[in-house]
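Asker: Quick one: the structure is below, questions incoming.
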Amino acid sequence: MSMTEVHRQASVGPKQHRFEPYAFNGGNILAVAGGDFAVVASDTRLSQGFMIHTRDHPKAVQLTANTVLAQSGFEGDSLTLKKHVQMRIGMYEHNHGKTPSTSAIAAMISKMLYYKRFFPYYVYNIVAGLDNEGKGCVYSYDPVGSYEREQYRAAGAANELLQPLLDNQIGFKNMSEAGPPLSKERAIQLCIDCFISAAERDITTGDCVLIQVIDKDGVETKKFPLRRD
Amino acid sequence: MEAVKQGSATIGLKSKTHAVLVALKRAQSDLIAHQKKIEKISPHIGISISGLTSDARSLGNYMRSECMHHEFLFNTRLPVSRLVAAVGDKTQTPTQRYGRRPFGVGILVAGFDEKGPHIYQTCPSANYYNCKAMAIGSRSQSARTYLERHLNEFADCTPEELVRHGLTALRETLPSEQELSVKNCSVAVVGEGQDLVAYEDEQVSIFLDLLEEKRSSRNVPAPQQQEAGQVGELPGLVPPVSGQPREDEEQPMDM
């Protein structure tokens with residue numbers, strides 16, 4: 001469409017103004033599962049439109065000793081969903097006397113999201129951790145609870161930029177020769193490189209990337225700076 | 001109230017920095033596992049119960065949901081006094097409504113919040129008391145006497161010393177043929193810089209070992225327990241003295 005056509009589209013006809021229940025707070029999250037580890041990367045910028053709310057707001061939270069939840073989308077829904085999940089995990093621990101496994105948490109989050117099928121949480125979730133056998137696992141969701149276990153997933157504002165990169169570097173898709181299995185150091189470096197690229201092109205990504213590495217010894221957190229513009 | 005008196009003994013005590021619960025678990029027979037007495041309510045509050053276990057479960061669940069709800073709304077831990085007040089309010093209702101019965105359980109609440117460590121006791125009457133130390137359950141009078149005697153020592157105790165005091169007091173409540181063991185004891189500790197940890201079964205042995213060292217200097221038991229007439233050094237062979245009631249002939253209602 002040419003510029004004049006776009007303008008005419010926006011002003012034609014009466015427009016009813018309603019309260020907009022959602023906002024888009026930008027940012028990206030990314031998770032990769034390895035043989036005995038999982039890596040979650042999230043940027044720490046919270047923005048709205050062309051404004052930055054804060055440069056230091058991580059999008060991932062540790063739920064249990066070996067599960068991390070990363071969220072991107074509308075921060076209000078993100079926060080509430082996170083609190084609900086933490087409460088349900090507390091109730092699980094009281095009722096069952098043990099911490100829930102990553103797959104149990106993943107299934108529970110799917111149900112919680114579908115409960116709000118007709119007024120969804122505007123959040124793109126990724127749950128990453130170690131499964132019952134100690135292998136890395138990543139579960140990705142859509143806003144209403146459809147979920148799937150995968151080896152890697154990028155979500156958020158720049159997921160269309162990052163997902164193909166991961167397909168190539170980790171999934172070796174459509175390549176004649178697959179590379180070596182993913183090591184922890186390579187996974188971390190790849191996540192940082194992904195975010196550096198995303199910060200180049202996406203305005204809502206930048207400031208700092210928080211890398212959380214989940215292995216049998218727990219969750220280790222590292223921070224790396226990104227472009228601040 | 002009777003239900004609480006017939007449940008097995010449990011003791012709570014606190015120092016300046018920690019609060020501790022010890023409990024004697026009872027088993028109805030060899031076939032049945034010892035009844036769990038100490039429950040974790042939240043990272044900063046634990047309870048120990050005496051009386052009707054089912055009523056205790058119901059109250060425990062209520063306490064858990066109150067704590068969680070408060071943390072969800074305010075992102076801070078529920079102060080212990082408010083939780084106990086909420087329990088008092090809830091248990092008062094069935095004491096004044098037609099057709100309902102009181103909760104037949106006494107609870108010792110041990111918690112740690114901004115004001116420090118606390119021990120509270122709740123009753124089926126819906127009264128609750130802030131305690132420096134307390135023992136409830138069957139034969140707990142001797143434990144209370146021990147606690148009263150040593151009250152001034154508790155403030156500066158380390159958590160291990162507090163548990164040792166608790167277990168020593170608990171031992172006073174045992175009939176002479178029983179001993180504290182990893183099977184019938186549980187311990188819980190909460191305090192400054194330490195979220196609630198409950199010790200069951202084998203984990204209790206570290207505390208029982210502390211008790212072993214003091215075995216030789218065990219206090220003479222309070223007069224009530226001597227009524228049956230101890231014969232020499234032989235445990236178990238205690239002939240009933242006619243005309244005097246033997247306390248361990250009571251049939252425990254539950255717990």
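Ordering of the structure tokens sets the chain letters (A, B, ...), residue numbers begin anew at 1 in every chain, and ligands are numbered from 1 in the order given.
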Report as a list in words the set of chain B residues whose atoms approach chain A to within 10 Å, with distances computed over only C-alpha atoms.
Answerer: Glu39, Lys40, Ile41, Ser42, Asn61, Arg64, Ser65, Met68, His69, Glu71, Phe72, Leu73 and Asn75 of chain B
Asker: Would you mind exporting the chosen residues as a PDB file, in the first residue's frame, restricted to N, CA, C and O atoms?
Answerer:
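Writing done, so here's selection.pdb:
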```pdb
ATOM      1  N   GLU B  39       3.691 -30.581  61.173  1.00  0.00           N
ATOM      2  CA  GLU B  39       3.424 -30.261  59.773  1.00  0.00           C
ATOM      3  C   GLU B  39       4.003 -28.896  59.448  1.00  0.00           C
ATOM      4  O   GLU B  39       3.987 -27.986  60.278  1.00  0.00           O
ATOM      5  N   LYS B  40       4.467 -28.759  58.225  1.00  0.00           N
ATOM      6  CA  LYS B  40       4.986 -27.472  57.780  1.00  0.00           C
ATOM      7  C   LYS B  40       3.816 -26.674  57.208  1.00  0.00           C
ATOM      8  O   LYS B  40       3.042 -27.193  56.397  1.00  0.00           O
ATOM      9  N   ILE B  41       3.674 -25.455  57.655  1.00  0.00           N
ATOM     10  CA  ILE B  41       2.573 -24.630  57.160  1.00  0.00           C
ATOM     11  C   ILE B  41       3.073 -23.684  56.077  1.00  0.00           C
ATOM     12  O   ILE B  41       2.444 -23.467  55.055  1.00  0.00           O
ATOM     13  N   SER B  42       4.225 -23.089  56.325  1.00  0.00           N
ATOM     14  CA  SER B  42       4.829 -22.220  55.326  1.00  0.00           C
ATOM     15  C   SER B  42       6.310 -22.185  55.676  1.00  0.00           C
ATOM     16  O   SER B  42       6.692 -22.706  56.724  1.00  0.00           O
ATOM     17  N   ASN B  61      -4.700 -27.104  56.699  1.00  0.00           N
ATOM     18  CA  ASN B  61      -4.933 -26.669  55.317  1.00  0.00           C
ATOM     19  C   ASN B  61      -5.391 -25.228  55.277  1.00  0.00           C
ATOM     20  O   ASN B  61      -4.977 -24.447  54.413  1.00  0.00           O
ATOM     21  N   ARG B  64      -2.426 -23.032  55.865  1.00  0.00           N
ATOM     22  CA  ARG B  64      -1.588 -22.972  54.670  1.00  0.00           C
ATOM     23  C   ARG B  64      -2.165 -22.013  53.649  1.00  0.00           C
ATOM     24  O   ARG B  64      -1.445 -21.213  53.040  1.00  0.00           O
ATOM     25  N   SER B  65      -3.476 -22.111  53.450  1.00  0.00           N
ATOM     26  CA  SER B  65      -4.045 -21.251  52.410  1.00  0.00           C
ATOM     27  C   SER B  65      -4.025 -19.797  52.862  1.00  0.00           C
ATOM     28  O   SER B  65      -3.821 -18.897  52.042  1.00  0.00           O
ATOM     29  N   MET B  68      -0.470 -18.577  52.182  1.00  0.00           N
ATOM     30  CA  MET B  68      -0.205 -18.428  50.752  1.00  0.00           C
ATOM     31  C   MET B  68      -0.921 -17.231  50.190  1.00  0.00           C
ATOM     32  O   MET B  68      -0.399 -16.501  49.347  1.00  0.00           O
ATOM     33  N   HIS B  69      -2.151 -17.056  50.645  1.00  0.00           N
ATOM     34  CA  HIS B  69      -2.951 -15.945  50.127  1.00  0.00           C
ATOM     35  C   HIS B  69      -2.297 -14.624  50.473  1.00  0.00           C
ATOM     36  O   HIS B  69      -2.206 -13.719  49.644  1.00  0.00           O
ATOM     37  N   GLU B  71       0.882 -14.075  51.085  1.00  0.00           N
ATOM     38  CA  GLU B  71       2.105 -13.904  50.303  1.00  0.00           C
ATOM     39  C   GLU B  71       1.799 -13.535  48.866  1.00  0.00           C
ATOM     40  O   GLU B  71       2.519 -12.747  48.252  1.00  0.00           O
ATOM     41  N   PHE B  72       0.710 -14.085  48.332  1.00  0.00           N
ATOM     42  CA  PHE B  72       0.320 -13.771  46.959  1.00  0.00           C
ATOM     43  C   PHE B  72      -0.055 -12.297  46.847  1.00  0.00           C
ATOM     44  O   PHE B  72       0.347 -11.605  45.922  1.00  0.00           O
ATOM     45  N   LEU B  73      -0.821 -11.801  47.846  1.00  0.00           N
ATOM     46  CA  LEU B  73      -1.306 -10.427  47.756  1.00  0.00           C
ATOM     47  C   LEU B  73      -0.235  -9.409  48.109  1.00  0.00           C
ATOM     48  O   LEU B  73      -0.115  -8.383  47.469  1.00  0.00           O
ATOM     49  N   ASN B  75       3.205 -10.095  49.031  1.00  0.00           N
ATOM     50  CA  ASN B  75       4.610 -10.441  48.805  1.00  0.00           C
ATOM     51  C   ASN B  75       5.440 -10.439  50.088  1.00  0.00           C
ATOM     52  O   ASN B  75       6.658 -10.267  50.044  1.00  0.00           O
TER      53      ASN B  75
END
```
Asker: Based on DSSP run over this structure's backbone, return all residues of stretch 25-172 of chain A in helix (DSSP H, G or I), as an MDAnalysis selection string.
Answerer: chainID A and resid 75:96 102:115 159:169
Asker: Could those residues be written to a file, using C-alpha atoms, as a CSV table (one decimal), in the first residue's frame?
Answerer:
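Final output, saved to part35.csv:
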```csv
chain,number,residue,atom,x,y,z
A,75,GLU,CA,4.0,-7.7,31.8
A,76,GLY,CA,0.8,-7.4,33.8
A,77,ASP,CA,-0.4,-10.9,32.8
A,78,SER,CA,3.2,-12.2,33.1
A,79,LEU,CA,3.4,-11.1,36.7
A,80,THR,CA,0.0,-12.5,37.7
A,81,LEU,CA,0.5,-15.8,35.9
A,82,LYS,CA,3.9,-16.1,37.6
A,83,LYS,CA,2.4,-15.6,41.0
A,84,HIS,CA,-0.4,-18.1,40.3
A,85,VAL,CA,2.1,-20.7,39.2
A,86,GLN,CA,4.3,-20.2,42.3
A,87,MET,CA,1.2,-20.6,44.5
A,88,ARG,CA,0.2,-23.7,42.8
A,89,ILE,CA,3.7,-25.1,43.2
A,90,GLY,CA,3.5,-24.4,46.9
A,91,MET,CA,0.2,-26.2,47.1
A,92,TYR,CA,1.6,-29.2,45.2
A,93,GLU,CA,4.5,-29.4,47.7
A,94,HIS,CA,2.1,-29.3,50.6
A,95,ASN,CA,-0.2,-32.0,49.1
A,96,HIS,CA,2.5,-34.3,47.7
A,102,THR,CA,9.4,-30.0,35.2
A,103,SER,CA,7.0,-32.0,33.2
A,104,ALA,CA,4.4,-31.7,35.9
A,105,ILE,CA,4.8,-27.9,36.1
A,106,ALA,CA,4.6,-27.8,32.3
A,107,ALA,CA,1.3,-29.6,32.2
A,108,MET,CA,-0.1,-27.5,35.0
A,109,ILE,CA,0.8,-24.3,33.2
A,110,SER,CA,-1.0,-25.5,30.1
A,111,LYS,CA,-4.2,-26.1,32.1
A,112,MET,CA,-3.9,-22.7,33.8
A,113,LEU,CA,-3.5,-20.9,30.5
A,114,TYR,CA,-6.5,-22.7,28.9
A,115,TYR,CA,-8.7,-21.8,31.8
A,159,ASN,CA,11.3,-14.6,17.7
A,160,GLU,CA,11.0,-14.6,13.9
A,161,LEU,CA,14.6,-13.4,13.7
A,162,LEU,CA,16.0,-15.8,16.3
A,163,GLN,CA,14.1,-19.0,15.6
A,164,PRO,CA,15.6,-19.6,12.1
A,165,LEU,CA,19.1,-18.9,13.6
A,166,LEU,CA,18.5,-21.6,16.2
A,167,ASP,CA,17.1,-24.0,13.5
A,168,ASN,CA,20.3,-23.7,11.7
A,169,GLN,CA,22.8,-23.7,14.5
```
Asker: Residues near B:Gly191, anyone? I mean within 9 Å using only C-alpha atoms, not counting same-chain ones fewer than 3 positions away, as a list in words.
Answerer: Thr17, His18, Ala19, Val20, His44, Gly111, Phe112, Asp113, Gly116, Pro117, Pro159, Gln194, Asp195 and Leu196 of chain B
Asker: For B:Ala188, which residue among B:Gly88, B:Gly99, B:Pro43, B:Pro79 is the nearest when counting only C-alpha atoms?
Answerer: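 That would be B:Pro43, the residue with the smallest distance to B:Ala188.
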Asker: Please report the interatomic distance between atom CA of A:Val209 and atom CA of A:Ala41 in Å with one decimal.
Answerer: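 Atom-to-atom, atom CA of A:Val209 and atom CA of A:Ala41 are spaced 6.5 Å apart.
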Asker: Report as a Markdown table the residues of stretch 123-214 of chain B within 12 Å of stretch 81-86 of chain B, each with its shortest atom pair and distance in Å (one decimal), using only C-alpha atoms, ordered by chain and increasing residue number.
Answerer:
```
| residue | atom | partner | partner_atom | distance |
| --- | --- | --- | --- | --- |
| B:Cys123 | CA | B:Val84 | CA | 10.9 |
| B:Ala126 | CA | B:Ala85 | CA | 9.4 |
| B:Asn127 | CA | B:Ala85 | CA | 9.1 |
| B:Tyr128 | CA | B:Val84 | CA | 7.2 |
| B:Tyr129 | CA | B:Val84 | CA | 9.1 |
| B:Asn130 | CA | B:Ser81 | CA | 8.4 |
| B:Cys131 | CA | B:Ser81 | CA | 11.5 |
```
Asker: Give the strand (DSSP E) residues of stretch 20-217 of chain A, as assigned by DSSP on the backbone, as a CSV table (one decimal) with N, CA and C atoms, in the first residue's frame.
Answerer:
```csv
chain,number,residue,atom,x,y,z
A,28,ASN,N,12.5,-10.3,24.6
A,28,ASN,CA,12.7,-11.7,24.0
A,28,ASN,C,13.1,-12.7,25.1
A,29,ILE,N,12.7,-13.9,24.8
A,29,ILE,CA,13.2,-15.0,25.6
A,29,ILE,C,13.6,-16.2,24.7
A,30,LEU,N,14.5,-17.0,25.3
A,30,LEU,CA,15.0,-18.0,24.4
A,30,LEU,C,15.5,-19.2,25.3
A,31,ALA,N,15.2,-20.4,25.0
A,31,ALA,CA,15.7,-21.5,25.8
A,31,ALA,C,16.2,-22.6,24.9
A,32,VAL,N,17.2,-23.3,25.4
A,32,VAL,CA,17.9,-24.4,24.7
A,32,VAL,C,18.1,-25.6,25.6
A,33,ALA,N,17.8,-26.8,25.2
A,33,ALA,CA,18.0,-28.0,26.0
A,33,ALA,C,19.2,-28.7,25.6
A,38,ALA,N,20.1,-27.2,30.7
A,38,ALA,CA,19.2,-26.3,29.9
A,38,ALA,C,19.6,-24.9,30.1
A,39,VAL,N,19.5,-24.1,29.1
A,39,VAL,CA,19.9,-22.7,29.2
A,39,VAL,C,18.7,-21.8,28.8
A,40,VAL,N,18.5,-20.8,29.7
A,40,VAL,CA,17.4,-19.9,29.4
A,40,VAL,C,18.0,-18.5,29.3
A,41,ALA,N,17.7,-17.8,28.3
A,41,ALA,CA,18.2,-16.4,28.1
A,41,ALA,C,17.0,-15.5,28.0
A,42,SER,N,17.0,-14.4,28.7
A,42,SER,CA,16.0,-13.4,28.6
A,42,SER,C,16.6,-12.0,28.6
A,43,ASP,N,16.1,-11.1,27.9
A,43,ASP,CA,16.6,-9.7,28.0
A,43,ASP,C,15.9,-9.0,29.1
A,46,LEU,N,12.1,-3.5,29.7
A,46,LEU,CA,10.7,-3.5,29.7
A,46,LEU,C,10.3,-2.2,29.0
A,47,SER,N,9.6,-2.3,27.9
A,47,SER,CA,9.3,-1.1,27.1
A,47,SER,C,7.8,-1.1,26.8
A,48,GLN,N,7.3,0.1,26.3
A,48,GLN,CA,6.0,0.2,25.8
A,48,GLN,C,6.0,1.2,24.7
A,51,MET,N,8.8,4.0,24.4
A,51,MET,CA,9.3,4.3,25.8
A,51,MET,C,9.9,3.1,26.4
A,52,ILE,N,11.0,3.3,27.2
A,52,ILE,CA,11.5,2.2,28.0
A,52,ILE,C,11.1,2.4,29.4
A,53,HIS,N,10.4,1.4,30.0
A,53,HIS,CA,10.0,1.5,31.4
A,53,HIS,C,11.2,1.3,32.3
A,54,THR,N,11.9,0.2,32.1
A,54,THR,CA,13.1,0.0,32.9
A,54,THR,C,14.0,-0.9,32.1
A,60,ALA,N,12.7,-13.9,33.4
A,60,ALA,CA,12.7,-15.4,33.7
A,60,ALA,C,12.8,-15.5,35.3
A,61,VAL,N,12.1,-16.5,35.8
A,61,VAL,CA,12.1,-16.7,37.2
A,61,VAL,C,12.3,-18.2,37.5
A,62,GLN,N,13.1,-18.4,38.6
A,62,GLN,CA,13.3,-19.8,38.9
A,62,GLN,C,12.1,-20.3,39.8
A,63,LEU,N,11.5,-21.4,39.4
A,63,LEU,CA,10.3,-21.9,40.1
A,63,LEU,C,10.7,-22.9,41.1
A,64,THR,N,11.6,-23.9,40.7
A,64,THR,CA,12.1,-24.9,41.7
A,64,THR,C,13.6,-25.1,41.4
A,67,THR,N,13.8,-26.0,37.6
A,67,THR,CA,12.9,-25.5,36.6
A,67,THR,C,12.9,-23.9,36.6
A,68,VAL,N,12.9,-23.4,35.4
A,68,VAL,CA,12.8,-21.9,35.2
A,68,VAL,C,11.7,-21.6,34.3
A,69,LEU,N,11.0,-20.5,34.6
A,69,LEU,CA,9.9,-20.1,33.7
A,69,LEU,C,10.3,-18.7,33.1
A,70,ALA,N,10.3,-18.6,31.8
A,70,ALA,CA,10.6,-17.4,31.1
A,70,ALA,C,9.3,-16.9,30.4
A,71,GLN,N,9.0,-15.6,30.5
A,71,GLN,CA,7.8,-15.1,29.9
A,71,GLN,C,8.0,-13.8,29.1
A,72,SER,N,7.3,-13.6,28.0
A,72,SER,CA,7.4,-12.4,27.2
A,72,SER,C,6.0,-12.1,26.7
A,73,GLY,N,5.7,-10.7,26.7
A,73,GLY,CA,4.4,-10.3,26.2
A,73,GLY,C,3.9,-9.1,27.0
A,123,VAL,N,0.7,-13.8,27.2
A,123,VAL,CA,2.1,-14.1,27.6
A,123,VAL,C,2.5,-15.2,26.8
A,124,TYR,N,3.8,-15.1,26.3
A,124,TYR,CA,4.4,-16.3,25.6
A,124,TYR,C,5.4,-16.9,26.6
A,125,ASN,N,5.0,-18.1,27.0
A,125,ASN,CA,5.8,-18.8,28.1
A,125,ASN,C,6.8,-19.8,27.5
A,126,ILE,N,7.9,-19.9,28.2
A,126,ILE,CA,8.8,-21.1,27.9
A,126,ILE,C,9.2,-21.6,29.3
A,127,VAL,N,9.0,-22.9,29.5
A,127,VAL,CA,9.5,-23.6,30.7
A,127,VAL,C,10.7,-24.4,30.4
A,128,ALA,N,11.8,-24.2,31.1
A,128,ALA,CA,13.0,-25.0,30.8
A,128,ALA,C,13.5,-25.6,32.1
A,129,GLY,N,14.1,-26.8,32.0
A,129,GLY,CA,14.7,-27.4,33.1
A,129,GLY,C,15.2,-28.8,32.8
A,130,LEU,N,15.3,-29.6,33.9
A,130,LEU,CA,15.7,-31.0,33.7
A,130,LEU,C,14.6,-31.9,33.9
A,136,GLY,N,18.1,-32.2,29.7
A,136,GLY,CA,17.5,-30.9,29.6
A,136,GLY,C,16.2,-31.0,28.8
A,137,CYS,N,15.2,-30.1,29.2
A,137,CYS,CA,14.0,-30.1,28.4
A,137,CYS,C,13.5,-28.6,28.3
A,138,VAL,N,12.8,-28.4,27.2
A,138,VAL,CA,12.2,-27.0,27.0
A,138,VAL,C,10.8,-27.2,26.5
A,139,TYR,N,9.9,-26.6,27.2
A,139,TYR,CA,8.5,-26.6,26.8
A,139,TYR,C,8.1,-25.2,26.4
A,140,SER,N,7.5,-25.1,25.2
A,140,SER,CA,7.0,-23.8,24.8
A,140,SER,C,5.5,-23.7,24.6
A,141,TYR,N,4.9,-22.6,24.8
A,141,TYR,CA,3.5,-22.4,24.9
A,141,TYR,C,3.0,-21.3,23.9
A,147,TYR,N,1.0,-26.6,24.2
A,147,TYR,CA,2.4,-26.7,24.5
A,147,TYR,C,3.0,-28.0,23.9
A,148,GLU,N,4.3,-27.9,23.9
A,148,GLU,CA,5.1,-29.0,23.2
A,148,GLU,C,6.5,-29.0,23.8
A,149,ARG,N,7.1,-30.2,23.9
A,149,ARG,CA,8.4,-30.3,24.3
A,149,ARG,C,9.3,-30.1,23.1
A,150,GLU,N,10.4,-29.3,23.2
A,150,GLU,CA,11.2,-29.1,22.1
A,150,GLU,C,12.7,-29.0,22.6
A,152,TYR,N,14.7,-26.5,21.4
A,152,TYR,CA,15.1,-25.1,21.5
A,152,TYR,C,13.9,-24.3,21.1
A,153,ARG,N,13.7,-23.1,21.6
A,153,ARG,CA,12.6,-22.2,21.2
A,153,ARG,C,13.0,-20.8,21.5
A,154,ALA,N,12.6,-19.8,20.6
A,154,ALA,CA,12.8,-18.4,20.9
A,154,ALA,C,11.3,-17.8,20.9
A,155,ALA,N,11.1,-16.9,21.8
A,155,ALA,CA,9.7,-16.3,21.8
A,155,ALA,C,9.9,-14.8,22.2
A,156,GLY,N,8.9,-14.1,21.8
A,156,GLY,CA,8.9,-12.6,22.1
A,156,GLY,C,8.9,-11.8,20.8
A,208,CYS,N,20.4,-5.7,28.6
A,208,CYS,CA,21.2,-6.7,29.3
A,208,CYS,C,20.5,-8.1,29.0
A,209,VAL,N,21.3,-9.1,28.9
A,209,VAL,CA,20.7,-10.4,28.7
A,209,VAL,C,21.1,-11.3,29.9
A,210,LEU,N,20.0,-11.9,30.5
A,210,LEU,CA,20.2,-12.7,31.7
A,210,LEU,C,20.2,-14.2,31.2
A,211,ILE,N,21.4,-14.9,31.5
A,211,ILE,CA,21.5,-16.3,31.1
A,211,ILE,C,21.4,-17.1,32.4
A,212,GLN,N,20.4,-18.1,32.4
A,212,GLN,CA,20.3,-19.0,33.5
A,212,GLN,C,20.6,-20.4,33.0
A,213,VAL,N,21.6,-21.0,33.6
A,213,VAL,CA,22.0,-22.4,33.2
A,213,VAL,C,21.5,-23.4,34.3
A,214,ILE,N,20.6,-24.3,33.9
A,214,ILE,CA,20.1,-25.3,34.8
A,214,ILE,C,20.8,-26.6,34.6
A,215,ASP,N,21.4,-27.1,35.7
A,215,ASP,CA,22.0,-28.4,35.6
A,215,ASP,C,21.7,-29.1,37.0
```
Asker: I'd like the interatomic distance between atom CA of A:Phe119 and atom CA of A:His17, to a tenth of an Å.
Answerer: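 Atom CA of A:His17 lies 18.9 Å from atom CA of A:Phe119.
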